[in-house]
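Raw contents of coords-v9.cif, mmCIF, C-alpha atoms:
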data_model
#
loop_
_atom_site.group_PDB
_atom_site.id
_atom_site.type_symbol
_atom_site.label_atom_id
_atom_site.label_comp_id
_atom_site.auth_asym_id
_atom_site.auth_seq_id
_atom_site.Cartn_x
_atom_site.Cartn_y
_atom_site.Cartn_z
ATOM 1 C CA PHE A 1 -4.388 -36.756 1.618
ATOM 2 C CA ILE A 2 -4.980 -39.257 4.428
ATOM 3 C CA PHE A 3 -1.227 -39.898 4.793
ATOM 4 C CA ILE A 4 -0.525 -36.162 5.016
ATOM 5 C CA LEU A 5 -3.215 -35.707 7.658
ATOM 6 C CA ALA A 6 -1.943 -38.713 9.647
ATOM 7 C CA SER A 7 1.621 -37.372 9.655
ATOM 8 C CA GLU A 8 0.373 -34.037 11.015
ATOM 9 C CA VAL A 9 -1.509 -35.783 13.822
ATOM 10 C CA ASN A 10 1.638 -37.724 14.799
ATOM 11 C CA SER A 11 3.979 -34.786 14.304
ATOM 12 C CA SER A 12 4.411 -34.140 18.046
ATOM 13 C CA CYS A 13 5.448 -37.735 18.836
ATOM 14 C CA ASN A 14 8.471 -39.635 17.593
ATOM 15 C CA PHE A 15 6.455 -42.846 17.258
ATOM 16 C CA PRO A 16 3.225 -43.776 15.472
ATOM 17 C CA THR A 17 0.567 -43.018 18.089
ATOM 18 C CA GLY A 18 -1.929 -45.432 16.512
ATOM 19 C CA TYR A 19 0.227 -48.390 17.534
ATOM 20 C CA HIS A 20 0.290 -47.257 21.167
ATOM 21 C CA ILE A 21 -3.218 -45.824 21.619
ATOM 22 C CA ASP A 22 -4.009 -48.061 24.617
ATOM 23 C CA LYS A 23 -0.675 -47.279 26.272
ATOM 24 C CA LEU A 24 -1.167 -43.519 25.769
ATOM 25 C CA SER A 25 -4.330 -43.596 27.893
ATOM 26 C CA ASN A 26 -2.630 -45.334 30.833
ATOM 27 C CA PRO A 27 -0.773 -43.043 33.281
ATOM 28 C CA SER A 28 1.566 -45.858 34.374
ATOM 29 C CA ASN A 29 3.248 -45.660 30.944
ATOM 30 C CA ILE A 30 4.471 -42.104 31.577
ATOM 31 C CA GLN A 31 8.105 -42.233 32.687
ATOM 32 C CA PHE A 32 8.343 -38.484 33.311
ATOM 33 C CA ILE A 33 7.153 -35.075 32.150
ATOM 34 C CA LYS A 34 9.735 -32.454 31.233
ATOM 35 C CA ILE A 35 8.916 -28.739 31.101
ATOM 36 C CA ASP A 36 11.280 -26.013 29.949
ATOM 37 C CA THR A 37 10.425 -22.326 29.848
ATOM 38 C CA PRO A 38 12.343 -20.503 27.092
ATOM 39 C CA ASN A 39 12.373 -17.291 29.149
ATOM 40 C CA SER A 40 13.761 -18.998 32.253
ATOM 41 C CA SER A 41 15.276 -15.832 33.770
ATOM 42 C CA LYS A 42 11.835 -14.173 34.044
ATOM 43 C CA TYR A 43 10.451 -17.489 35.345
ATOM 44 C CA ALA A 44 13.156 -17.543 38.052
ATOM 45 C CA GLN A 45 12.492 -13.888 38.942
ATOM 46 C CA ASN A 46 8.812 -14.754 39.331
ATOM 47 C CA VAL A 47 9.676 -17.587 41.759
ATOM 48 C CA PHE A 48 11.847 -15.212 43.789
ATOM 49 C CA ARG A 49 9.087 -12.571 43.946
ATOM 50 C CA ILE A 50 6.560 -15.145 45.150
ATOM 51 C CA ILE A 51 8.883 -16.499 47.841
ATOM 52 C CA THR A 52 9.852 -13.040 49.107
ATOM 53 C CA SER A 53 6.348 -11.559 49.057
ATOM 54 C CA LYS A 54 5.159 -10.702 52.550
ATOM 55 C CA SER A 55 1.714 -12.187 52.030
ATOM 56 C CA ARG A 56 0.846 -15.690 53.234
ATOM 57 C CA ASN A 57 -0.995 -16.119 49.958
ATOM 58 C CA ILE A 58 0.490 -16.094 46.478
ATOM 59 C CA PRO A 59 -0.440 -12.689 45.025
ATOM 60 C CA ASP A 60 -2.605 -12.988 41.886
ATOM 61 C CA GLU A 61 -0.418 -10.513 40.020
ATOM 62 C CA LEU A 62 2.490 -12.989 40.349
ATOM 63 C CA LYS A 63 0.565 -15.821 38.682
ATOM 64 C CA ILE A 64 2.030 -14.991 35.289
ATOM 65 C CA ASN A 65 1.760 -17.189 32.190
ATOM 66 C CA PHE A 66 5.029 -18.367 30.654
ATOM 67 C CA LYS A 67 5.533 -20.086 27.312
ATOM 68 C CA ALA A 68 6.687 -23.650 27.819
ATOM 69 C CA ASN A 69 8.002 -26.622 25.902
ATOM 70 C CA ILE A 70 6.479 -29.765 27.370
ATOM 71 C CA SER A 71 7.590 -33.308 26.610
ATOM 72 C CA VAL A 72 6.157 -36.558 27.897
ATOM 73 C CA HIS A 73 8.588 -39.448 27.996
ATOM 74 C CA TYR A 74 7.241 -42.983 27.577
ATOM 75 C CA ASN A 75 9.273 -46.185 27.383
ATOM 76 C CA PHE A 76 8.285 -46.362 23.690
ATOM 77 C CA GLY A 77 8.997 -42.727 22.721
ATOM 78 C CA ILE A 78 8.531 -39.022 23.392
ATOM 79 C CA CYS A 79 5.681 -36.609 22.624
ATOM 80 C CA LYS A 80 6.409 -32.872 22.501
ATOM 81 C CA TYR A 81 3.964 -30.025 22.964
ATOM 82 C CA SER A 82 4.010 -26.274 23.200
ATOM 83 C CA GLY A 83 1.952 -24.616 25.888
ATOM 84 C CA ARG A 84 1.845 -22.260 28.815
ATOM 85 C CA VAL A 85 2.506 -22.689 32.523
ATOM 86 C CA ARG A 86 1.705 -20.506 35.510
ATOM 87 C CA GLN A 87 1.857 -20.710 39.277
ATOM 88 C CA SER A 88 -0.965 -22.786 40.746
ATOM 89 C CA GLY A 89 -2.478 -22.554 44.202
ATOM 90 C CA ASP A 90 -3.445 -19.817 46.613
ATOM 91 C CA LEU A 91 -1.126 -20.459 49.553
ATOM 92 C CA LYS A 92 2.657 -20.598 49.629
ATOM 93 C CA ASP A 93 2.604 -24.356 50.284
ATOM 94 C CA HIS A 94 2.497 -24.520 46.469
ATOM 95 C CA ILE A 95 6.096 -23.333 46.246
ATOM 96 C CA ILE A 96 9.062 -24.777 48.146
ATOM 97 C CA LEU A 97 12.842 -24.675 48.033
ATOM 98 C CA ARG A 98 14.587 -28.061 48.099
ATOM 99 C CA ASN A 99 18.393 -27.868 48.228
ATOM 100 C CA GLY A 100 18.140 -24.274 46.990
ATOM 101 C CA GLN A 101 16.084 -25.314 43.942
ATOM 102 C CA PRO A 102 12.498 -24.030 43.547
ATOM 103 C CA ILE A 103 9.686 -26.526 43.160
ATOM 104 C CA ARG A 104 6.291 -25.059 42.449
ATOM 105 C CA SER A 105 2.802 -26.272 41.623
ATOM 106 C CA LEU A 106 1.888 -25.385 38.052
ATOM 107 C CA ASP A 107 -1.195 -24.980 35.906
ATOM 108 C CA VAL A 108 -0.346 -26.321 32.449
ATOM 109 C CA LYS A 109 -2.253 -25.560 29.252
ATOM 110 C CA LEU A 110 -1.317 -27.303 26.000
ATOM 111 C CA LYS A 111 -1.752 -25.360 22.750
ATOM 112 C CA GLU A 112 -2.326 -28.539 20.765
ATOM 113 C CA GLY A 113 -2.600 -32.211 21.552
ATOM 114 C CA ASN A 114 -3.356 -33.748 24.924
ATOM 115 C CA ILE A 115 -1.896 -35.887 27.666
ATOM 116 C CA LEU A 116 -4.312 -38.632 28.746
ATOM 117 C CA ASN A 117 -7.058 -36.622 26.978
ATOM 118 C CA ALA A 118 -6.282 -33.608 29.180
ATOM 119 C CA VAL A 119 -5.528 -30.282 27.493
ATOM 120 C CA ARG A 120 -5.295 -28.521 30.869
ATOM 121 C CA PHE A 121 -3.863 -30.073 33.994
ATOM 122 C CA LYS A 122 -2.066 -29.263 37.214
ATOM 123 C CA LEU A 123 1.277 -30.480 38.471
ATOM 124 C CA LEU A 124 0.971 -30.182 42.241
ATOM 125 C CA ILE A 125 3.475 -30.460 45.055
ATOM 126 C CA PRO A 126 2.170 -33.593 46.843
ATOM 127 C CA ASN A 127 2.244 -32.012 50.328
ATOM 128 C CA SER A 128 -0.065 -29.227 49.120
ATOM 129 C CA ARG A 129 -2.785 -31.898 48.700
ATOM 130 C CA ASN A 130 -1.958 -34.178 51.652
ATOM 131 C CA GLY A 131 0.201 -36.459 49.514
ATOM 132 C CA LEU A 132 -1.305 -39.706 48.323
ATOM 133 C CA ASN A 133 -4.624 -38.920 50.038
ATOM 134 C CA GLU A 134 -5.585 -36.857 46.971
ATOM 135 C CA ILE A 135 -5.106 -39.881 44.725
ATOM 136 C CA LEU A 136 -7.070 -42.086 47.114
ATOM 137 C CA ALA A 137 -9.925 -39.565 47.293
ATOM 138 C CA THR A 138 -10.294 -39.357 43.502
ATOM 139 C CA LEU A 139 -10.211 -43.171 43.211
ATOM 140 C CA ILE A 140 -12.941 -43.508 45.853
ATOM 141 C CA LEU A 141 -15.092 -40.882 44.106
ATOM 142 C CA LYS A 142 -14.668 -42.637 40.733
ATOM 143 C CA ASN A 143 -15.591 -46.017 42.238
ATOM 144 C CA LEU A 144 -18.713 -44.463 43.757
ATOM 145 C CA GLY A 145 -19.753 -43.241 40.304
ATOM 146 C CA PHE A 146 -18.813 -39.580 40.649
ATOM 147 C CA ILE A 147 -16.912 -37.690 37.983
ATOM 148 C CA ALA A 148 -13.419 -37.087 39.332
ATOM 149 C CA PRO A 149 -10.279 -35.842 37.598
ATOM 150 C CA ASP A 150 -7.492 -38.292 36.777
ATOM 151 C CA THR A 151 -4.908 -37.880 39.535
ATOM 152 C CA PHE A 152 -1.617 -39.753 39.863
ATOM 153 C CA GLU A 153 2.035 -39.338 40.821
ATOM 154 C CA VAL A 154 4.504 -38.522 38.065
ATOM 155 C CA ARG A 155 8.194 -37.726 37.947
ATOM 156 C CA THR A 156 8.902 -34.270 36.536
ATOM 157 C CA SER A 157 11.795 -32.142 35.407
ATOM 158 C CA ILE A 158 10.889 -28.453 35.388
ATOM 159 C CA ASN A 159 13.708 -26.244 34.104
ATOM 160 C CA GLY A 160 16.156 -28.946 35.218
ATOM 161 C CA VAL A 161 14.707 -29.360 38.721
ATOM 162 C CA ASN A 162 13.594 -32.967 39.274
ATOM 163 C CA SER A 163 10.750 -33.882 41.619
ATOM 164 C CA VAL A 164 7.726 -36.115 42.024
ATOM 165 C CA MET A 165 4.467 -34.243 41.523
ATOM 166 C CA LEU A 166 0.767 -35.003 41.392
ATOM 167 C CA PHE A 167 -0.721 -34.809 37.901
ATOM 168 C CA GLN A 168 -4.346 -33.723 38.161
ATOM 169 C CA GLU A 169 -6.617 -33.187 35.194
ATOM 170 C CA LYS A 170 -8.463 -29.863 35.351
ATOM 171 C CA GLU A 171 -12.247 -29.790 35.434
ATOM 172 C CA THR A 172 -12.879 -28.919 31.779
ATOM 173 C CA LYS A 173 -15.108 -30.091 28.973
ATOM 174 C CA GLU A 174 -12.653 -32.912 28.156
ATOM 175 C CA LEU A 175 -13.272 -34.395 31.610
ATOM 176 C CA LEU A 176 -17.033 -34.334 31.007
ATOM 177 C CA GLU A 177 -16.681 -35.750 27.471
ATOM 178 C CA LYS A 178 -14.496 -38.591 28.725
ATOM 179 C CA ASN A 179 -17.127 -39.477 31.335
ATOM 180 C CA LEU A 180 -20.019 -39.206 28.872
#

Kindly present the structure from the file in structure tokens form.
Amino acid sequence: FIFILASEVNSSCNFPTGYHIDKLSNPSNIQFIKIDTPNSSKYAQNVFRIITSKSRNIPDELKINFKANISVHYNFGICKYSGRVRQSGDLKDHIILRNGQPIRSLDVKLKEGNILNAVRFKLLIPNSRNGLNEILATLILKNLGFIAPDTFEVRTSINGVNSVMLFQEKETKELLEKNL
């Protein structure tokens, strides 16, 4: 029974997670995060509607949830998850076109499993948060004893579009549990 349960726990990773438990809690071991939306045509239409909307803000009705396949690539293996993604942010600085390719800030929710103990997190365009200042601010808050979400730079591939984003843990019960 224990072996069956253990294989289910490790079923989303192609390596035994118990051997790498310390490495899995360190963001520097993440090589990149890959996200693919199975219904990519509707995802692309949603990007186009956001960009062409006349409002300076991103309309709430365009913050649609999309099913997503999420994989985290480490130098020792890959973990795969199913989840949902949606547009993050209020202003249009959370969506840009680089060489004709859309890059957008995303809210990510995993159905099962976690990444660095986070079930919900954001992938943010760095300029939408003043670049590395966001990372510095969370580090200062943590060193002063405040509860602050894990925030770091990570390479991403979202529907084949590569970019560097800010990973930021959402303020959920997991954040409080981790900080006792």

Evaluate the PyMOL selection byres ((chain A and resi 156) around 7) and report residues as a VMD selection string: chain A and resid 32 to 34 154 to 155 157 to 158 162 to 165

Phe121 in chain A proximity check over A:Leu175, A:Val108, A:Leu144, A:Ile70, using only C-alpha atoms: winner is A:Val108

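As for CA of Thr37 in chain A and CA of Leu62 in chain A, they are spaced 16.1 Å apart.
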
Best match for closeness to Val119 in chain A among A:Lys178, A:Asp90, A:Asn46, A:Lys170, counting all atoms listed in the file: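 For Val119 in chain A, the nearest of the given residues is A:Lys170.
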
Determine, counting all atoms listed in the file, which protein, DNA and RNA residues have an atom within 12 Å of an atom of Lys173 in chain A; residues of the same chain fewer than 5 positions away are not included. Present the result as a PDB file with C-alpha atoms, in the frame of the given file.
ATOM      1  CA  ASN A 117      -7.058 -36.622  26.978  1.00  0.00           C
ATOM      2  CA  ALA A 118      -6.282 -33.608  29.180  1.00  0.00           C
ATOM      3  CA  VAL A 119      -5.528 -30.282  27.493  1.00  0.00           C
ATOM      4  CA  ARG A 120      -5.295 -28.521  30.869  1.00  0.00           C
ATOM      5  CA  ILE A 147     -16.912 -37.690  37.983  1.00  0.00           C
ATOM      6  CA  PRO A 149     -10.279 -35.842  37.598  1.00  0.00           C
ATOM      7  CA  LYS A 178     -14.496 -38.591  28.725  1.00  0.00           C
ATOM      8  CA  ASN A 179     -17.127 -39.477  31.335  1.00  0.00           C
ATOM      9  CA  LEU A 180     -20.019 -39.206  28.872  1.00  0.00           C
TER      10      LEU A 180
END

Write out as a JSON list (two decimals) with C-alpha atoms, in the coordinates of the input the residues lying within 12 Å of Asn26 in chain A, counting all atoms listed in the file and excluding same-chain residues fewer than 3 positions away.
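Written out: selection.json:
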[["chain", "number", "residue", "atom", "x", "y", "z"],
["A", 20, "HIS", "CA", 0.29, -47.26, 21.17],
["A", 21, "ILE", "CA", -3.22, -45.82, 21.62],
["A", 22, "ASP", "CA", -4.01, -48.06, 24.62],
["A", 23, "LYS", "CA", -0.68, -47.28, 26.27],
["A", 29, "ASN", "CA", 3.25, -45.66, 30.94],
["A", 30, "ILE", "CA", 4.47, -42.10, 31.58],
["A", 31, "GLN", "CA", 8.10, -42.23, 32.69],
["A", 74, "TYR", "CA", 7.24, -42.98, 27.58],
["A", 115, "ILE", "CA", -1.90, -35.89, 27.67],
["A", 116, "LEU", "CA", -4.31, -38.63, 28.75],
["A", 117, "ASN", "CA", -7.06, -36.62, 26.98],
["A", 150, "ASP", "CA", -7.49, -38.29, 36.78],
["A", 151, "THR", "CA", -4.91, -37.88, 39.53],
["A", 152, "PHE", "CA", -1.62, -39.75, 39.86]]

On this structure, the PyMOL selection byres ((chain A and resi 49) around 12) would catch which residues? List them as an NGL selection string, sorted by chain and number. :A and (42-48 or 50-55 or 58-64 or 87 or 92 or 95 or 102)

Contact residues around Val85 in chain A with all atoms listed in the file at 6 Å, ignoring same-chain residues under 2 positions, as an MDAnalysis selection string: chainID A and resid 65:66 107:108

Please measure the separation of CA of Gly160 in chain A and CA of Asp36 in chain A, giving the value in Å to one decimal.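 CA of Gly160 in chain A sits 7.8 Å away from CA of Asp36 in chain A.
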
Quick check, in Å to one decimal: how far apart do CA of Ser88 in chain A and CA of Arg129 in chain A lie?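 Separation between CA of Ser88 in chain A and CA of Arg129 in chain A: 12.2 Å.
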
Exercise on range 102-120 of chain A, axis-aligned box with 3 Å per side, report centre and edge lengths in Å to one decimal, as JSON:
{"center_x": 2.7, "center_y": -31.3, "center_z": 32.2, "size_x": 25.6, "size_y": 20.6, "size_z": 28.8}

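The closest residue to Ser82 in chain A, picked from A:Ile135, A:Leu123, A:Ile103, A:Ile35 and counting all atoms listed in the file, is A:Ile35.
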
Which residue, A:Ser28, A:Asn14, A:Asn57, A:Gln168, has the smallest gap to Ser71 in chain A when you use only C-alpha atoms?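 Looking only at the distances to Ser71 in chain A, the closest residue turns out to be A:Asn14.
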
Which residue of A:Asn159, A:Thr172, A:Asn99, A:Ser128 approaches Ala68 in chain A most closely, using only C-alpha atoms: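 Smallest separation from Ala68 in chain A among the options: A:Asn159.
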
Residue nearest Pro126 in chain A among A:His94, A:Lys142, A:Lys109, A:Arg56 (counting only C-alpha atoms):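 Result for the nearest residue to Pro126 in chain A: A:His94.
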